>>> print(open('my_file-v8.pdb').read())   # PDB, C-alpha atoms and all ligand atoms
MODEL        1
ATOM      1  CA  MET A  22     104.795 123.586 116.052  1.00  0.00           C
ATOM      2  CA  ARG A  23     101.495 125.320 116.603  1.00  0.00           C
ATOM      3  CA  ILE A  24      98.193 123.553 117.175  1.00  0.00           C
ATOM      4  CA  LEU A  25      94.694 125.042 117.157  1.00  0.00           C
ATOM      5  CA  VAL A  26      92.241 123.339 119.505  1.00  0.00           C
ATOM      6  CA  VAL A  27      88.563 124.019 118.799  1.00  0.00           C
ATOM      7  CA  GLU A  28      86.663 122.726 121.812  1.00  0.00           C
ATOM      8  CA  ASP A  29      83.738 124.193 123.757  1.00  0.00           C
ATOM      9  CA  GLU A  30      84.066 122.070 126.873  1.00  0.00           C
ATOM     10  CA  LYS A  31      86.303 124.108 129.173  1.00  0.00           C
ATOM     11  CA  LYS A  32      87.695 121.154 131.100  1.00  0.00           C
ATOM     12  CA  THR A  33      88.674 119.250 127.983  1.00  0.00           C
ATOM     13  CA  ALA A  34      90.140 122.370 126.364  1.00  0.00           C
ATOM     14  CA  ALA A  35      92.261 123.146 129.447  1.00  0.00           C
ATOM     15  CA  PHE A  36      93.389 119.541 129.712  1.00  0.00           C
ATOM     16  CA  LEU A  37      94.415 119.521 126.043  1.00  0.00           C
ATOM     17  CA  ALA A  38      96.211 122.868 126.218  1.00  0.00           C
ATOM     18  CA  LYS A  39      98.187 121.808 129.293  1.00  0.00           C
ATOM     19  CA  GLY A  40      99.147 118.412 127.875  1.00  0.00           C
ATOM     20  CA  LEU A  41     100.133 119.805 124.477  1.00  0.00           C
ATOM     21  CA  ASN A  42     102.151 122.619 126.048  1.00  0.00           C
ATOM     22  CA  GLU A  43     104.030 120.093 128.167  1.00  0.00           C
ATOM     23  CA  ALA A  44     104.717 118.069 125.016  1.00  0.00           C
ATOM     24  CA  GLY A  45     106.324 121.181 123.496  1.00  0.00           C
ATOM     25  CA  TYR A  46     103.552 122.490 121.250  1.00  0.00           C
ATOM     26  CA  ASP A  47     102.221 126.039 121.119  1.00  0.00           C
ATOM     27  CA  VAL A  48      98.445 125.973 121.520  1.00  0.00           C
ATOM     28  CA  ASP A  49      95.682 128.364 120.516  1.00  0.00           C
ATOM     29  CA  LEU A  50      92.133 127.765 121.719  1.00  0.00           C
ATOM     30  CA  ALA A  51      88.779 128.515 120.109  1.00  0.00           C
ATOM     31  CA  VAL A  52      85.543 127.860 121.969  1.00  0.00           C
ATOM     32  CA  ASP A  53      83.075 127.604 119.113  1.00  0.00           C
ATOM     33  CA  GLY A  54      83.012 126.658 115.455  1.00  0.00           C
ATOM     34  CA  GLU A  55      82.806 130.168 114.050  1.00  0.00           C
ATOM     35  CA  ALA A  56      85.791 131.381 116.063  1.00  0.00           C
ATOM     36  CA  GLY A  57      87.687 128.221 115.174  1.00  0.00           C
ATOM     37  CA  SER A  58      87.079 128.661 111.472  1.00  0.00           C
ATOM     38  CA  ALA A  59      88.132 132.331 111.584  1.00  0.00           C
ATOM     39  CA  ILE A  60      91.313 131.763 113.619  1.00  0.00           C
ATOM     40  CA  ALA A  61      92.294 128.779 111.493  1.00  0.00           C
ATOM     41  CA  ARG A  62      92.154 130.904 108.363  1.00  0.00           C
ATOM     42  CA  ALA A  63      93.843 133.920 109.951  1.00  0.00           C
ATOM     43  CA  ARG A  64      97.139 132.309 110.872  1.00  0.00           C
ATOM     44  CA  LYS A  65      99.262 129.314 110.110  1.00  0.00           C
ATOM     45  CA  PHE A  66      98.962 126.125 112.149  1.00  0.00           C
ATOM     46  CA  ASP A  67     100.638 122.749 111.864  1.00  0.00           C
ATOM     47  CA  LEU A  68      97.618 120.798 113.075  1.00  0.00           C
ATOM     48  CA  PHE A  69      93.985 121.267 114.088  1.00  0.00           C
ATOM     49  CA  ILE A  70      92.178 119.387 116.833  1.00  0.00           C
ATOM     50  CA  ILE A  71      88.452 119.946 116.344  1.00  0.00           C
ATOM     51  CA  ASP A  72      85.543 118.749 118.446  1.00  0.00           C
ATOM     52  CA  VAL A  73      82.613 117.532 116.313  1.00  0.00           C
ATOM     53  CA  MET A  74      79.829 118.943 118.496  1.00  0.00           C
ATOM     54  CA  LEU A  75      80.421 122.689 118.747  1.00  0.00           C
ATOM     55  CA  PRO A  76      78.218 125.749 119.274  1.00  0.00           C
ATOM     56  CA  LYS A  77      77.508 128.053 116.278  1.00  0.00           C
ATOM     57  CA  LYS A  78      79.143 125.763 113.732  1.00  0.00           C
ATOM     58  CA  ASP A  79      79.868 122.044 114.031  1.00  0.00           C
ATOM     59  CA  GLY A  80      83.295 120.528 113.513  1.00  0.00           C
ATOM     60  CA  TRP A  81      82.413 119.175 110.094  1.00  0.00           C
ATOM     61  CA  SER A  82      81.442 122.609 108.816  1.00  0.00           C
ATOM     62  CA  VAL A  83      84.692 124.035 110.189  1.00  0.00           C
ATOM     63  CA  LEU A  84      86.630 121.380 108.284  1.00  0.00           C
ATOM     64  CA  THR A  85      84.621 122.075 105.125  1.00  0.00           C
ATOM     65  CA  ASP A  86      85.469 125.814 105.478  1.00  0.00           C
ATOM     66  CA  LEU A  87      89.167 125.050 105.808  1.00  0.00           C
ATOM     67  CA  ARG A  88      89.373 122.695 102.853  1.00  0.00           C
ATOM     68  CA  ALA A  89      87.355 125.148 100.748  1.00  0.00           C
ATOM     69  CA  ALA A  90      89.869 127.859 101.681  1.00  0.00           C
ATOM     70  CA  GLY A  91      92.668 125.617 100.370  1.00  0.00           C
ATOM     71  CA  ILE A  92      94.004 124.819 103.863  1.00  0.00           C
ATOM     72  CA  HIS A  93      95.130 121.194 103.918  1.00  0.00           C
ATOM     73  CA  THR A  94      96.635 121.161 107.406  1.00  0.00           C
ATOM     74  CA  PRO A  95      96.023 117.810 109.171  1.00  0.00           C
ATOM     75  CA  VAL A  96      92.846 117.600 111.262  1.00  0.00           C
ATOM     76  CA  VAL A  97      92.101 115.319 114.194  1.00  0.00           C
ATOM     77  CA  PHE A  98      88.456 115.144 115.189  1.00  0.00           C
ATOM     78  CA  LEU A  99      87.346 114.655 118.762  1.00  0.00           C
ATOM     79  CA  THR A 100      84.039 112.888 118.933  1.00  0.00           C
ATOM     80  CA  ALA A 101      81.893 111.612 121.764  1.00  0.00           C
ATOM     81  CA  ARG A 102      80.074 109.406 119.337  1.00  0.00           C
ATOM     82  CA  ASP A 103      81.882 106.309 118.249  1.00  0.00           C
ATOM     83  CA  ASP A 104      79.599 105.916 115.301  1.00  0.00           C
ATOM     84  CA  VAL A 105      80.673 104.460 111.989  1.00  0.00           C
ATOM     85  CA  ARG A 106      78.604 107.024 110.085  1.00  0.00           C
ATOM     86  CA  ASP A 107      80.360 109.880 111.894  1.00  0.00           C
ATOM     87  CA  ARG A 108      83.741 108.464 110.987  1.00  0.00           C
ATOM     88  CA  VAL A 109      82.818 107.933 107.366  1.00  0.00           C
ATOM     89  CA  LYS A 110      81.385 111.438 107.089  1.00  0.00           C
ATOM     90  CA  GLY A 111      84.482 112.998 108.631  1.00  0.00           C
ATOM     91  CA  LEU A 112      86.869 111.020 106.469  1.00  0.00           C
ATOM     92  CA  GLU A 113      84.919 111.906 103.337  1.00  0.00           C
ATOM     93  CA  LEU A 114      85.266 115.564 104.283  1.00  0.00           C
ATOM     94  CA  GLY A 115      89.007 115.110 104.611  1.00  0.00           C
ATOM     95  CA  ALA A 116      89.658 114.502 108.324  1.00  0.00           C
ATOM     96  CA  ASP A 117      92.949 112.771 109.001  1.00  0.00           C
ATOM     97  CA  ASP A 118      92.151 111.011 112.238  1.00  0.00           C
ATOM     98  CA  TYR A 119      89.637 110.465 115.017  1.00  0.00           C
ATOM     99  CA  VAL A 120      89.856 110.275 118.759  1.00  0.00           C
ATOM    100  CA  VAL A 121      86.802 109.135 120.665  1.00  0.00           C
ATOM    101  CA  LYS A 122      86.063 110.763 124.019  1.00  0.00           C
ATOM    102  CA  PRO A 123      86.972 109.973 126.675  1.00  0.00           C
ATOM    103  CA  PHE A 124      90.493 109.417 125.423  1.00  0.00           C
ATOM    104  CA  ALA A 125      93.872 108.824 127.022  1.00  0.00           C
ATOM    105  CA  PHE A 126      96.197 111.756 126.356  1.00  0.00           C
ATOM    106  CA  PRO A 127      99.161 109.573 125.292  1.00  0.00           C
ATOM    107  CA  GLU A 128      96.959 108.061 122.571  1.00  0.00           C
ATOM    108  CA  LEU A 129      96.074 111.501 121.212  1.00  0.00           C
ATOM    109  CA  LEU A 130      99.712 112.573 121.391  1.00  0.00           C
ATOM    110  CA  ALA A 131     100.838 109.489 119.456  1.00  0.00           C
ATOM    111  CA  ARG A 132      98.353 110.267 116.679  1.00  0.00           C
ATOM    112  CA  ILE A 133      99.378 113.917 116.551  1.00  0.00           C
ATOM    113  CA  ARG A 134     103.038 112.955 116.234  1.00  0.00           C
ATOM    114  CA  SER A 135     102.269 110.479 113.498  1.00  0.00           C
ATOM    115  CA  LEU A 136     100.271 113.076 111.533  1.00  0.00           C
ATOM    116  CA  LEU A 137     102.953 115.728 111.908  1.00  0.00           C
ATOM    117  CA  ARG A 138     105.539 113.277 110.630  1.00  0.00           C
ATOM    118  CA  ARG A 139     103.396 112.743 107.550  1.00  0.00           C
ATOM    119  CA  ALA A 140     103.146 116.495 106.911  1.00  0.00           C
ATOM    120  CA  PRO A 141     103.490 118.397 104.595  1.00  0.00           C
ATOM    121  CA  PRO A 142      99.976 117.527 103.490  1.00  0.00           C
ATOM    122  CA  ARG A 143      99.615 114.814 100.923  1.00  0.00           C
ATOM    123  CA  VAL A 144      96.962 116.615  98.916  1.00  0.00           C
ATOM    124  CA  SER A 145      98.550 117.636  95.663  1.00  0.00           C
ATOM    125  CA  ASN A 146      96.789 119.431  92.882  1.00  0.00           C
ATOM    126  CA  ARG A 147      99.496 118.784  90.326  1.00  0.00           C
ATOM    127  CA  LEU A 148     100.017 115.801  88.082  1.00  0.00           C
ATOM    128  CA  PHE A 149     103.123 115.265  85.976  1.00  0.00           C
ATOM    129  CA  VAL A 150     103.703 112.902  83.074  1.00  0.00           C
ATOM    130  CA  GLN A 151     106.980 113.580  81.331  1.00  0.00           C
ATOM    131  CA  ASP A 152     106.804 117.219  80.153  1.00  0.00           C
ATOM    132  CA  LEU A 153     103.049 117.358  80.710  1.00  0.00           C
ATOM    133  CA  GLU A 154     101.873 119.213  83.802  1.00  0.00           C
ATOM    134  CA  ILE A 155      98.261 119.316  84.985  1.00  0.00           C
ATOM    135  CA  ASP A 156      96.954 121.590  87.714  1.00  0.00           C
ATOM    136  CA  THR A 157      93.608 120.159  88.798  1.00  0.00           C
ATOM    137  CA  HIS A 158      92.706 123.145  90.999  1.00  0.00           C
ATOM    138  CA  ARG A 159      93.229 125.758  88.323  1.00  0.00           C
ATOM    139  CA  HIS A 160      92.030 123.501  85.516  1.00  0.00           C
ATOM    140  CA  ARG A 161      95.202 124.193  83.578  1.00  0.00           C
ATOM    141  CA  ALA A 162      97.364 121.897  81.518  1.00  0.00           C
ATOM    142  CA  GLN A 163     100.782 122.626  80.058  1.00  0.00           C
ATOM    143  CA  ARG A 164     103.152 120.699  77.876  1.00  0.00           C
ATOM    144  CA  GLY A 165     106.780 121.745  77.719  1.00  0.00           C
ATOM    145  CA  GLY A 166     105.757 124.934  79.521  1.00  0.00           C
ATOM    146  CA  THR A 167     103.143 125.860  76.896  1.00  0.00           C
ATOM    147  CA  ASP A 168      99.487 126.198  77.909  1.00  0.00           C
ATOM    148  CA  LEU A 169      97.163 123.693  76.266  1.00  0.00           C
ATOM    149  CA  SER A 170      93.795 125.114  75.347  1.00  0.00           C
ATOM    150  CA  LEU A 171      91.448 122.293  76.380  1.00  0.00           C
ATOM    151  CA  THR A 172      87.666 122.114  76.637  1.00  0.00           C
ATOM    152  CA  PRO A 173      86.335 121.055  80.068  1.00  0.00           C
ATOM    153  CA  LYS A 174      85.698 117.505  78.807  1.00  0.00           C
ATOM    154  CA  GLU A 175      89.159 117.224  77.275  1.00  0.00           C
ATOM    155  CA  PHE A 176      90.657 118.466  80.530  1.00  0.00           C
ATOM    156  CA  LEU A 177      88.700 115.935  82.617  1.00  0.00           C
ATOM    157  CA  LEU A 178      89.783 113.148  80.288  1.00  0.00           C
ATOM    158  CA  LEU A 179      93.436 114.146  80.392  1.00  0.00           C
ATOM    159  CA  ALA A 180      93.444 114.552  84.180  1.00  0.00           C
ATOM    160  CA  HIS A 181      91.758 111.186  84.572  1.00  0.00           C
ATOM    161  CA  LEU A 182      94.373 109.435  82.424  1.00  0.00           C
ATOM    162  CA  ALA A 183      97.189 111.291  84.195  1.00  0.00           C
ATOM    163  CA  ARG A 184      96.096 110.044  87.624  1.00  0.00           C
ATOM    164  CA  THR A 185      97.124 106.527  86.675  1.00  0.00           C
ATOM    165  CA  PRO A 186      99.937 106.931  84.140  1.00  0.00           C
ATOM    166  CA  GLY A 187     100.921 103.669  82.480  1.00  0.00           C
ATOM    167  CA  GLU A 188      97.601 102.026  83.337  1.00  0.00           C
ATOM    168  CA  VAL A 189      95.032 101.268  80.674  1.00  0.00           C
ATOM    169  CA  VAL A 190      91.697 103.014  81.236  1.00  0.00           C
ATOM    170  CA  SER A 191      88.674 101.503  79.482  1.00  0.00           C
ATOM    171  CA  ARG A 192      86.324 103.508  77.279  1.00  0.00           C
ATOM    172  CA  ALA A 193      83.450 102.702  79.633  1.00  0.00           C
ATOM    173  CA  GLU A 194      85.380 104.048  82.616  1.00  0.00           C
ATOM    174  CA  ILE A 195      86.290 107.213  80.732  1.00  0.00           C
ATOM    175  CA  ALA A 196      82.687 107.711  79.665  1.00  0.00           C
ATOM    176  CA  GLU A 197      81.480 107.285  83.211  1.00  0.00           C
ATOM    177  CA  HIS A 198      84.107 109.587  84.670  1.00  0.00           C
ATOM    178  CA  VAL A 199      83.977 112.359  82.085  1.00  0.00           C
ATOM    179  CA  TRP A 200      80.243 112.396  81.362  1.00  0.00           C
ATOM    180  CA  GLY A 201      79.005 110.797  84.566  1.00  0.00           C
ATOM    181  CA  ILE A 202      76.753 108.436  82.709  1.00  0.00           C
ATOM    182  CA  ASP A 203      76.782 104.969  81.264  1.00  0.00           C
ATOM    183  CA  PHE A 204      77.897 105.180  77.662  1.00  0.00           C
ATOM    184  CA  ASN A 205      78.063 101.437  77.035  1.00  0.00           C
ATOM    185  CA  THR A 206      75.971 101.720  73.921  1.00  0.00           C
ATOM    186  CA  ASP A 207      78.075 104.353  72.231  1.00  0.00           C
ATOM    187  CA  THR A 208      81.700 104.749  73.239  1.00  0.00           C
ATOM    188  CA  ASN A 209      82.458 106.401  69.886  1.00  0.00           C
ATOM    189  CA  VAL A 210      81.954 109.689  71.659  1.00  0.00           C
ATOM    190  CA  VAL A 211      84.985 108.807  73.800  1.00  0.00           C
ATOM    191  CA  ASP A 212      87.079 108.152  70.697  1.00  0.00           C
ATOM    192  CA  VAL A 213      86.070 111.513  69.279  1.00  0.00           C
ATOM    193  CA  VAL A 214      87.184 113.406  72.380  1.00  0.00           C
ATOM    194  CA  VAL A 215      90.406 111.401  72.569  1.00  0.00           C
ATOM    195  CA  ARG A 216      91.152 112.343  68.956  1.00  0.00           C
ATOM    196  CA  ARG A 217      90.626 116.027  69.731  1.00  0.00           C
ATOM    197  CA  LEU A 218      92.719 115.750  72.885  1.00  0.00           C
ATOM    198  CA  ARG A 219      95.541 114.134  70.894  1.00  0.00           C
ATOM    199  CA  SER A 220      95.535 116.912  68.347  1.00  0.00           C
ATOM    200  CA  LYS A 221      96.348 119.333  71.182  1.00  0.00           C
ATOM    201  CA  VAL A 222      98.476 117.258  73.552  1.00  0.00           C
ATOM    202  CA  ASP A 223     100.423 115.095  71.096  1.00  0.00           C
ATOM    203  CA  ASP A 224     100.357 116.380  67.520  1.00  0.00           C
ATOM    204  CA  PRO A 225     102.616 119.402  68.097  1.00  0.00           C
ATOM    205  CA  PHE A 226     105.138 117.290  70.043  1.00  0.00           C
ATOM    206  CA  LYS A 227     107.605 114.586  69.112  1.00  0.00           C
ATOM    207  CA  THR A 228     106.942 112.274  72.054  1.00  0.00           C
ATOM    208  CA  LYS A 229     103.380 110.926  72.047  1.00  0.00           C
ATOM    209  CA  LEU A 230     101.683 110.471  75.413  1.00  0.00           C
ATOM    210  CA  VAL A 231      98.183 109.228  74.610  1.00  0.00           C
ATOM    211  CA  HIS A 232      98.224 105.624  73.363  1.00  0.00           C
ATOM    212  CA  THR A 233      95.409 103.386  72.161  1.00  0.00           C
ATOM    213  CA  ILE A 234      95.196  99.846  73.438  1.00  0.00           C
ATOM    214  CA  ARG A 235      93.090  98.278  70.737  1.00  0.00           C
ATOM    215  CA  GLY A 236      89.786  96.887  71.956  1.00  0.00           C
ATOM    216  CA  VAL A 237      90.480  97.959  75.546  1.00  0.00           C
ATOM    217  CA  GLY A 238      90.952 101.673  76.005  1.00  0.00           C
ATOM    218  CA  TYR A 239      93.614 104.318  76.428  1.00  0.00           C
ATOM    219  CA  VAL A 240      96.775 104.842  78.400  1.00  0.00           C
ATOM    220  CA  LEU A 241      98.875 107.903  79.119  1.00  0.00           C
ATOM    221  CA  LYS A 242     102.606 107.188  79.094  1.00  0.00           C
ATOM    222  CA  ALA A 243     105.814 108.566  77.648  1.00  0.00           C
ATOM    223  CA  GLU A 244     106.573 106.011  74.924  1.00  0.00           C
TER     224      GLU A 244
HETATM  225 CA    CA B   1      81.530 119.794 122.261  1.00  0.00          CA
ENDMDL
END
>>> encode(input="my_file-v8.pdb", output="structure tokens")
Amino acid sequence: MRILVVEDEKKTAAFLAKGLNEAGYDVDLAVDGEAGSAIARARKFDLFIIDVMLPKKDGWSVLTDLRAAGIHTPVVFLTARDDVRDRVKGLELGADDYVVKPFAFPELLARIRSLLRRAPPRVSNRLFVQDLEIDTHRHRAQRGGTDLSLTPKEFLLLAHLARTPGEVVSRAEIAEHVWGIDFNTDTNVVDVVVRRLRSKVDDPFKTKLVHTIRGVGYVLKAE
């Protein structure tokens, strides 16, 4: 197991490297955000420990770089600031955990072990409903191995329904999610897109996946 530590404070970095080595991990060190971001993308790690306050590039920007590069390796942030806003910001960016300085090494180690147990990363870009497969990163949908040619709105709608298969999604929720606005006055537009989506996803196939729940909304399921 290899861990990258991105930390500019020499004492803390040395303390971390020694402790992690003793716990059986291989450790690489980076002393600023730019170096951290580059090393993290250049080789494979099982976990990142990143200080928030770093020279050249802060910890949040490093995390943003990694997620943008498709690297979903678990990240533990080290922060001197036990501030709710910091935590919320980090979690929104996709951090997995926080340790507030000064910290006790056994606490950090316990969190690292728990994260590594949870790996491989939980972020999946694929949704499956019966023989329907949706790749949300590539914006591609297939049924029975055949590509479905969907417009961006149809794709958003299908992906939204596929995230909660078997659960009824209201027209208002679909309108808000797919168009980003409040369509309360005219949800007919939703029905129109659903009809077009059905003609591509269901009409050519025996098993229908998109079902209407009269007066409520739509549900994606295999019967
Ligand atoms: Ca620092």
>>> residues_near_ligand(input="my_file-v8.pdb", ligand="ligand CA 1 (chain B)", cutoff="10 Å", atoms="only C-alpha atoms and all ligand atoms", output="list in words")
Val27, Glu28, Asp29, Glu30, Lys31, Thr33, Ala34, Val52, Asp53, Gly54, Ile71, Asp72, Val73, Met74, Leu75, Pro76, Asp79, Gly80, Leu99, Thr100 and Ala101 of chain A
>>> write_last_selection(input="my_file-v8.pdb", atoms="C-alpha atoms", output="short mmCIF file (atom, residue, chain, number, x, y, z; two decimals), in the coordinates of the input")
data_model
loop_
_atom_site.label_atom_id
_atom_site.label_comp_id
_atom_site.auth_asym_id
_atom_site.auth_seq_id
_atom_site.Cartn_x
_atom_site.Cartn_y
_atom_site.Cartn_z
CA VAL A 27 88.56 124.02 118.80
CA GLU A 28 86.66 122.73 121.81
CA ASP A 29 83.74 124.19 123.76
CA GLU A 30 84.07 122.07 126.87
CA LYS A 31 86.30 124.11 129.17
CA THR A 33 88.67 119.25 127.98
CA ALA A 34 90.14 122.37 126.36
CA VAL A 52 85.54 127.86 121.97
CA ASP A 53 83.08 127.60 119.11
CA GLY A 54 83.01 126.66 115.46
CA ILE A 71 88.45 119.95 116.34
CA ASP A 72 85.54 118.75 118.45
CA VAL A 73 82.61 117.53 116.31
CA MET A 74 79.83 118.94 118.50
CA LEU A 75 80.42 122.69 118.75
CA PRO A 76 78.22 125.75 119.27
CA ASP A 79 79.87 122.04 114.03
CA GLY A 80 83.30 120.53 113.51
CA LEU A 99 87.35 114.66 118.76
CA THR A 100 84.04 112.89 118.93
CA ALA A 101 81.89 111.61 121.76
#
>>> resolve_selection(input="my_file-v8.pdb", expression="the PyMOL selection byres (((chain A and resi 154) around 10) and not hetatm)", output="list in words")
Arg147, Leu148, Phe149, Val150, Gln151, Asp152, Leu153, Ile155, Asp156, Thr157, Arg161, Ala162, Gln163, Arg164, Gly165, Gly166, Thr167, Asp168, Leu169, Ala180 and Ala183 of chain A
>>> closest_residue(input="my_file-v8.pdb", among="A:Gly201, A:Pro123, A:Pro173, A:Gly236", to="Phe36 (chain A)", atoms="only C-alpha atoms")
A:Pro123
>>> closest_residue(input="my_file-v8.pdb", among="A:Leu130, A:Leu114, A:Ile92, A:Leu230", to="Phe66 (chain A)", atoms="all atoms listed in the file")
A:Ile92
>>> closest_residue(input="my_file-v8.pdb", among="A:Glu175, A:Glu188, A:Asp67, A:Glu197", to="His232 (chain A)", atoms="only C-alpha atoms")
A:Glu188
>>> resolve_selection(input="my_file-v8.pdb", expression="the PyMOL selection byres (((chain A and resi 231) around 7) and not hetatm)", output="ChimeraX atom specification")
/A:219,229-230,232-233,239-242
>>> write_last_selection(input="my_file-v8.pdb", atoms="C-alpha atoms", output="CSV table (one decimal), in the frame of the given file")
chain,number,residue,atom,x,y,z
A,219,ARG,CA,95.5,114.1,70.9
A,229,LYS,CA,103.4,110.9,72.0
A,230,LEU,CA,101.7,110.5,75.4
A,232,HIS,CA,98.2,105.6,73.4
A,233,THR,CA,95.4,103.4,72.2
A,239,TYR,CA,93.6,104.3,76.4
A,240,VAL,CA,96.8,104.8,78.4
A,241,LEU,CA,98.9,107.9,79.1
A,242,LYS,CA,102.6,107.2,79.1
>>> atom_distance(input="my_file-v8.pdb", atom1="CA of Leu41 (chain A)", atom2="CA of Leu137 (chain A)")
13.5 Å
>>> resolve_selection(input="my_file-v8.pdb", expression="the PyMOL selection byres (((chain A and resi 83-88) around 9) and not hetatm)", output="list of chain:residue names")
A:Gly54, A:Glu55, A:Gly57, A:Ser58, A:Ala61, A:Arg62, A:Ile71, A:Lys78, A:Asp79, A:Gly80, A:Trp81, A:Ser82, A:Ala89, A:Ala90, A:Gly91, A:Ile92, A:His93, A:Thr94, A:Val96, A:Gly111, A:Leu114, A:Gly115, A:Ala116
>>> residues_around(input="my_file-v8.pdb", residues="Met22 (chain A)", least_positions_apart="6", cutoff="9 Å", atoms="all atoms listed in the file", output="PyMOL selection string")
chain A and resi 45-48+66-68
>>> write_last_selection(input="my_file-v8.pdb", atoms="C-alpha atoms", output="compact mmCIF listing (two decimals), keeping the file's coordinate frame")
# COMPACT_ATOMS: atom_id res chain seq x y z
CA GLY A 45 106.32 121.18 123.50
CA TYR A 46 103.55 122.49 121.25
CA ASP A 47 102.22 126.04 121.12
CA VAL A 48 98.44 125.97 121.52
CA PHE A 66 98.96 126.12 112.15
CA ASP A 67 100.64 122.75 111.86
CA LEU A 68 97.62 120.80 113.08
>>> atom_distance(input="my_file-v8.pdb", atom1="CA of Val214 (chain A)", atom2="CA of Asn146 (chain A)")
23.4 Å
>>> atom_distance(input="my_file-v8.pdb", atom1="CA of Phe124 (chain A)", atom2="CA of Arg23 (chain A)")
21.3 Å
>>> residues_around(input="my_file-v8.pdb", residues="Phe69 (chain A)", least_positions_apart="5", cutoff="7 Å", atoms="all atoms listed in the file", output="ChimeraX atom specification")
/A:24-26,95-97
>>> closest_residue(input="my_file-v8.pdb", among="A:Lys174, A:Val210, A:Ala243, A:Glu43", to="Gly187 (chain A)", atoms="all atoms listed in the file")
A:Ala243
